[in-house]
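What follows is a single structure, written as structure tokens, with notes after it.
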Number of protein chains: 2
Amino acid sequence: MDIQLKRGLLDVSVLAAIKNEDSYGYQIIKDMKPYVTLSESTLYTILKRLETAQMLTVRSVEHDGRLRKYYHITEKGRERINEFRRDFNEILTIYRYISREETNNG
Amino acid sequence: MDIQLKRGLLDVSVLAAIKNEDSYGYQIIKDMKPYVTLSESTLYTILKRLETAQMLTVRSVEHDGRLRKYYHITEKGRERINEFRRDFNEILTIYRYISREETNNG
DNA sequence: CGGCATACTTCGTGTTACGATGTATTACAC
DNA sequence: GTGTAATACATCGTAACACGAAGTATGCCG
């Protein structure tokens with residue numbers, strides 16, 4: 001899909017990926033894959049951004065000698081999802097504008 | 001609306017604004033205003049980009065001593081709109097993913 | 001003349017997605 | 001025990017892009 005179209009969807013998609021259960025980077029990518037593909041560098045950038053914005057919290061866990069950072073959504077993060085859902089109505093309006101067919105004005 | 005969410009919609013919205021009738025910058029902004037707000041600098045950047053991508057053609061007209069550049073959509077531009085409409089199904093899928101409610105997994 | 005609407009242009013900036021690359025461990029093949 | 005892949009996170013540089021600010025120029029109103 002068009003990269004520009006993905007912007008604005010990515011942050012919220014990542015929040016959506018952890019909204020029911022805490023998860024970590026590698027797992028998030030796998031979970032999102034059927035819906036949105038994103039690279040590791042992109043994901044970690046997003047996670048850091050969301051952490052700075054206090055939309056999620058992080059906790060480090062050692063797993064098989066490897067570091068794992070589990071991300072947990074905050075109330076602010078959930079609010080971000082709801083905000084997106086409201087914005088989506090505007091998206092639909094724009095979509096209808098783009099798809100309109102003005103049959104008059106031959 | 002979130003600026004990131006607008007990306008990917010703007011180019012196509014501009015094409016949609018001229019798809020039924022040739023138009024010029026100032027008019028395009030007015031026409032789009034009920035659906036999408038964008039600044040002049042943004043619009044003219046987009047128009048130049050779309051011209052380079054051969055999605056529209058330009059013709060200059062003098063009107064009341066002022067220059068007016070009329071933009072005309074090309075076949076390639078129309079195809080871009082159709083491509084967006086196809087992409088939109090993916091957007092809807094992502095939207096449903098973000099809005100899902102997994103009531104199990106208590 | 002001042003102020004506003006029309007109309008297009010240029011410049012600089014901040015946000016951002018991504019590829020490339022790096023570090024480090026486990027797992028498995030041969 | 002060497003090579004390769006998967007797991008897992010991090011950093012750097014870059015290119016695309018929307019926008020505010022500012023500029024150029026004309027016509028109109030008072």
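Chain lettering (A, B, ...) mirrors the order of the structure tokens, residue numbering begins at 1 for each chain separately, and ligand numbering begins at 1 in order of display.
The list of residues with at least one atom within 7 Å of Thr42 (chain B), based on only C-alpha atoms (C1' of nucleotides) and without residues fewer than 4 positions apart in the same chain, reads B:Leu38, B:Ile46, D:DA18, D:DC19.
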Restricting it to N, CA and C atoms (P, O5', C5', C4', C3', O3' and C1' of nucleotides), dump the selection as a compact mmCIF listing (two decimals), in the first residue's frame.
# COMPACT_ATOMS: atom_id res chain seq x y z
N LEU B 38 -6.48 22.66 3.49
CA LEU B 38 -5.04 22.63 3.21
C LEU B 38 -4.59 24.04 2.85
N ILE B 46 1.62 20.22 -4.04
CA ILE B 46 0.93 19.02 -4.53
C ILE B 46 0.68 19.10 -6.03
P DA D 18 1.76 15.93 1.56
O5' DA D 18 1.39 16.94 2.73
C5' DA D 18 1.17 16.44 4.04
C4' DA D 18 1.26 17.59 5.02
C3' DA D 18 0.45 18.81 4.61
O3' DA D 18 -0.31 19.25 5.73
C1' DA D 18 2.75 19.39 4.95
P DC D 19 -1.23 20.53 5.65
O5' DC D 19 -0.25 21.64 6.20
C5' DC D 19 0.44 21.37 7.44
C4' DC D 19 1.37 22.51 7.74
C3' DC D 19 0.78 23.87 7.40
O3' DC D 19 0.57 24.61 8.60
C1' DC D 19 3.04 23.67 6.66
I need the contact residues of chain A against chain B, so if you could list those with any atom within 12 Å, counting only C-alpha atoms, and return them as an NGL selection string, that would help. :A and (1-21 or 31-37 or 78 or 80-106)
Write the residues of the preceding selection, restricted to C-alpha atoms, as a PDB file, in the first residue's frame.
ATOM      1  CA  MET A   1       0.000   0.000   0.000  1.00  0.00           C
ATOM      2  CA  ASP A   2       0.953   3.612  -0.546  1.00  0.00           C
ATOM      3  CA  ILE A   3       3.363   4.688   2.150  1.00  0.00           C
ATOM      4  CA  GLN A   4       1.599   8.008   2.679  1.00  0.00           C
ATOM      5  CA  LEU A   5      -1.673   6.254   3.268  1.00  0.00           C
ATOM      6  CA  LYS A   6      -0.077   4.199   6.031  1.00  0.00           C
ATOM      7  CA  ARG A   7       1.004   7.220   7.997  1.00  0.00           C
ATOM      8  CA  GLY A   8      -1.490   8.012  10.671  1.00  0.00           C
ATOM      9  CA  LEU A   9      -2.540   4.380  10.699  1.00  0.00           C
ATOM     10  CA  LEU A  10       0.740   2.989  11.981  1.00  0.00           C
ATOM     11  CA  ASP A  11       0.864   4.545  15.442  1.00  0.00           C
ATOM     12  CA  VAL A  12      -2.699   3.566  16.160  1.00  0.00           C
ATOM     13  CA  SER A  13      -2.221   0.089  14.721  1.00  0.00           C
ATOM     14  CA  VAL A  14       0.659  -0.500  17.106  1.00  0.00           C
ATOM     15  CA  LEU A  15      -1.466   0.646  20.017  1.00  0.00           C
ATOM     16  CA  ALA A  16      -4.217  -1.662  18.801  1.00  0.00           C
ATOM     17  CA  ALA A  17      -1.756  -4.548  18.730  1.00  0.00           C
ATOM     18  CA  ILE A  18      -1.137  -4.225  22.463  1.00  0.00           C
ATOM     19  CA  LYS A  19      -4.537  -3.077  23.603  1.00  0.00           C
ATOM     20  CA  ASN A  20      -5.716  -6.527  24.718  1.00  0.00           C
ATOM     21  CA  GLU A  21      -2.418  -7.941  25.901  1.00  0.00           C
ATOM     22  CA  ASP A  31       0.672  -9.919  14.817  1.00  0.00           C
ATOM     23  CA  MET A  32       0.260  -6.910  12.575  1.00  0.00           C
ATOM     24  CA  LYS A  33       1.615  -8.581   9.457  1.00  0.00           C
ATOM     25  CA  PRO A  34      -1.763  -9.729   8.064  1.00  0.00           C
ATOM     26  CA  TYR A  35      -3.005  -6.146   8.247  1.00  0.00           C
ATOM     27  CA  VAL A  36      -0.022  -3.805   8.060  1.00  0.00           C
ATOM     28  CA  THR A  37       3.567  -4.548   7.194  1.00  0.00           C
ATOM     29  CA  ARG A  78      -6.634   4.006  24.582  1.00  0.00           C
ATOM     30  CA  ARG A  80      -5.671   7.874  21.135  1.00  0.00           C
ATOM     31  CA  ILE A  81      -7.425   4.881  19.604  1.00  0.00           C
ATOM     32  CA  ASN A  82     -10.824   6.413  20.299  1.00  0.00           C
ATOM     33  CA  GLU A  83      -9.685   9.692  18.806  1.00  0.00           C
ATOM     34  CA  PHE A  84      -8.685   7.831  15.679  1.00  0.00           C
ATOM     35  CA  ARG A  85     -12.069   6.178  15.472  1.00  0.00           C
ATOM     36  CA  ARG A  86     -13.703   9.587  15.592  1.00  0.00           C
ATOM     37  CA  ASP A  87     -11.302  10.929  12.939  1.00  0.00           C
ATOM     38  CA  PHE A  88     -12.194   8.007  10.769  1.00  0.00           C
ATOM     39  CA  ASN A  89     -15.596   9.490  10.090  1.00  0.00           C
ATOM     40  CA  GLU A  90     -13.833  12.404   8.440  1.00  0.00           C
ATOM     41  CA  ILE A  91     -11.819   9.951   6.394  1.00  0.00           C
ATOM     42  CA  LEU A  92     -15.034   8.369   5.201  1.00  0.00           C
ATOM     43  CA  THR A  93     -16.406  11.779   4.250  1.00  0.00           C
ATOM     44  CA  ILE A  94     -13.275  12.483   2.223  1.00  0.00           C
ATOM     45  CA  TYR A  95     -13.529   9.060   0.646  1.00  0.00           C
ATOM     46  CA  ARG A  96     -17.071   9.819  -0.472  1.00  0.00           C
ATOM     47  CA  TYR A  97     -15.912  13.173  -1.847  1.00  0.00           C
ATOM     48  CA  ILE A  98     -13.189  11.461  -3.853  1.00  0.00           C
ATOM     49  CA  SER A  99     -15.576   8.797  -5.105  1.00  0.00           C
ATOM     50  CA  ARG A 100     -18.473  11.086  -5.951  1.00  0.00           C
ATOM     51  CA  GLU A 101     -19.913  10.977  -9.453  1.00  0.00           C
ATOM     52  CA  GLU A 102     -21.622  14.320 -10.234  1.00  0.00           C
ATOM     53  CA  THR A 103     -23.746  12.982 -13.062  1.00  0.00           C
ATOM     54  CA  ASN A 104     -24.933  16.446 -14.039  1.00  0.00           C
ATOM     55  CA  ASN A 105     -22.632  18.915 -15.772  1.00  0.00           C
ATOM     56  CA  GLY A 106     -22.213  16.666 -18.826  1.00  0.00           C
TER      57      GLY A 106
END
Pick from D:DA10, D:DA15, D:DG30, D:DA25 nearest to chain A, counting only C-alpha atoms (C1' of nucleotides): D:DA10
Select from chain D every residue with an atom at most 9 Å from any atom of chain A, then for each give the shortest pair of atoms and their distance in Å to one decimal, using only C-alpha atoms (C1' of nucleotides), rows by chain and rising number, as a Markdown table.
| residue | atom | partner | partner_atom | distance |
| --- | --- | --- | --- | --- |
| D:DT7 | C1' | A:Tyr26 | CA | 7.8 |
| D:DA8 | C1' | A:Leu67 | CA | 6.7 |
| D:DC9 | C1' | A:Leu67 | CA | 7.7 |
| D:DA10 | C1' | A:Tyr44 | CA | 8.3 |
| D:DA16 | C1' | A:Gln4 | CA | 8.9 |
| D:DC17 | C1' | A:Gln4 | CA | 8.9 |
Might you pull out every residue within 12 Å of DA20 (chain C), with only C-alpha atoms (C1' of nucleotides) counted and same-chain residues fewer than 5 positions away left off, and present them as a ChimeraX atom specification? /A:39-41 /D:11-14
Residues just named, written with N, CA and C atoms (P, O5', C5', C4', C3', O3' and C1' of nucleotides) as a CSV table (one decimal), in the first residue's frame:
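Contents of result12.csv, freshly written:
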chain,number,residue,atom,x,y,z
A,39,SER,N,8.6,-2.3,9.0
A,39,SER,CA,10.0,-2.8,9.3
A,39,SER,C,10.3,-2.6,10.8
A,40,GLU,N,11.3,-3.3,11.2
A,40,GLU,CA,11.7,-3.2,12.6
A,40,GLU,C,12.1,-1.8,13.0
A,41,SER,N,12.9,-1.2,12.1
A,41,SER,CA,13.4,0.2,12.4
A,41,SER,C,12.2,1.1,12.6
D,11,DT,P,19.8,3.6,20.7
D,11,DT,O5',20.5,3.9,19.3
D,11,DT,C5',21.8,3.3,19.0
D,11,DT,C4',22.3,3.7,17.7
D,11,DT,C3',22.0,5.1,17.3
D,11,DT,O3',23.2,5.7,16.8
D,11,DT,C1',21.2,3.7,15.6
D,12,DC,P,23.3,7.3,16.5
D,12,DC,O5',23.5,7.4,15.0
D,12,DC,C5',24.2,6.3,14.3
D,12,DC,C4',24.0,6.5,12.8
D,12,DC,C3',23.7,7.9,12.4
D,12,DC,O3',24.6,8.3,11.3
D,12,DC,C1',22.1,6.4,11.5
D,13,DG,P,24.7,9.8,10.8
D,13,DG,O5',24.1,9.7,9.3
D,13,DG,C5',24.5,8.6,8.5
D,13,DG,C4',23.5,8.6,7.3
D,13,DG,C3',23.2,10.0,6.8
D,13,DG,O3',23.3,9.9,5.3
D,13,DG,C1',21.2,8.8,7.3
D,14,DT,P,23.0,11.2,4.4
D,14,DT,O5',21.6,10.8,3.8
D,14,DT,C5',21.3,9.5,3.3
D,14,DT,C4',19.9,9.4,2.8
D,14,DT,C3',19.4,10.6,2.2
D,14,DT,O3',18.7,10.3,1.0
D,14,DT,C1',17.9,9.9,3.9
What are the residues of chain C that have an atom within 9 Å of an atom of chain B, counting only C-alpha atoms (C1' of nucleotides), as a PDB file with C-alpha atoms (C1' of nucleotides), in the first residue's frame?
ATOM      1  C1'  DT C   6      -7.321  37.162  -5.437  1.00  0.00           C
ATOM      2  C1'  DA C   7      -3.492  34.198  -7.237  1.00  0.00           C
ATOM      3  C1'  DC C   8       0.801  31.915  -7.524  1.00  0.00           C
ATOM      4  C1'  DT C   9       5.784  31.120  -5.598  1.00  0.00           C
ATOM      5  C1'  DT C  15       7.829  14.830  11.361  1.00  0.00           C
ATOM      6  C1'  DT C  16       8.356  10.528   9.855  1.00  0.00           C
TER       7       DT C  16
END
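In this model, the gap between CA of Ser60 (chain B) and CA of Ile28 (chain B) comes to 15.5 Å.
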One decimal place gives the C1' of DG23 (chain D)-CA of Leu47 (chain B) separation as 19.7 Å
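CA of Met55 (chain A) is positioned 5.3 Å from CA of Thr74 (chain A).
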Considering only strand (DSSP E) as DSSP defines it on the backbone, what residues of region 2-105 of chain A qualify? List them as a PyMOL selection string. chain A and resi 23-24+56-63+66-73
Write a file of the just-selected residues containing C-alpha atoms, as a PDB file, in the first residue's frame.
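Just written: part_20.pdb:
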ATOM      1  CA  SER A  23       3.488  -7.560  23.821  1.00  0.00           C
ATOM      2  CA  TYR A  24       7.023  -6.954  22.559  1.00  0.00           C
ATOM      3  CA  LEU A  56       2.411   3.125  26.615  1.00  0.00           C
ATOM      4  CA  THR A  57       4.785   1.972  29.323  1.00  0.00           C
ATOM      5  CA  VAL A  58       7.729  -0.394  28.993  1.00  0.00           C
ATOM      6  CA  ARG A  59       9.083  -3.172  31.166  1.00  0.00           C
ATOM      7  CA  SER A  60      12.166  -5.216  30.376  1.00  0.00           C
ATOM      8  CA  VAL A  61      12.099  -8.971  30.808  1.00  0.00           C
ATOM      9  CA  GLU A  62      14.909 -11.419  30.248  1.00  0.00           C
ATOM     10  CA  HIS A  63      13.827 -14.323  28.092  1.00  0.00           C
ATOM     11  CA  ARG A  66      17.744 -12.211  25.345  1.00  0.00           C
ATOM     12  CA  LEU A  67      16.208  -8.922  26.309  1.00  0.00           C
ATOM     13  CA  ARG A  68      12.533  -8.445  25.739  1.00  0.00           C
ATOM     14  CA  LYS A  69      10.736  -5.180  26.229  1.00  0.00           C
ATOM     15  CA  TYR A  70       7.064  -5.597  26.949  1.00  0.00           C
ATOM     16  CA  TYR A  71       4.824  -2.713  26.059  1.00  0.00           C
ATOM     17  CA  HIS A  72       1.676  -1.889  27.989  1.00  0.00           C
ATOM     18  CA  ILE A  73      -0.958   0.531  26.742  1.00  0.00           C
TER      19      ILE A  73
END
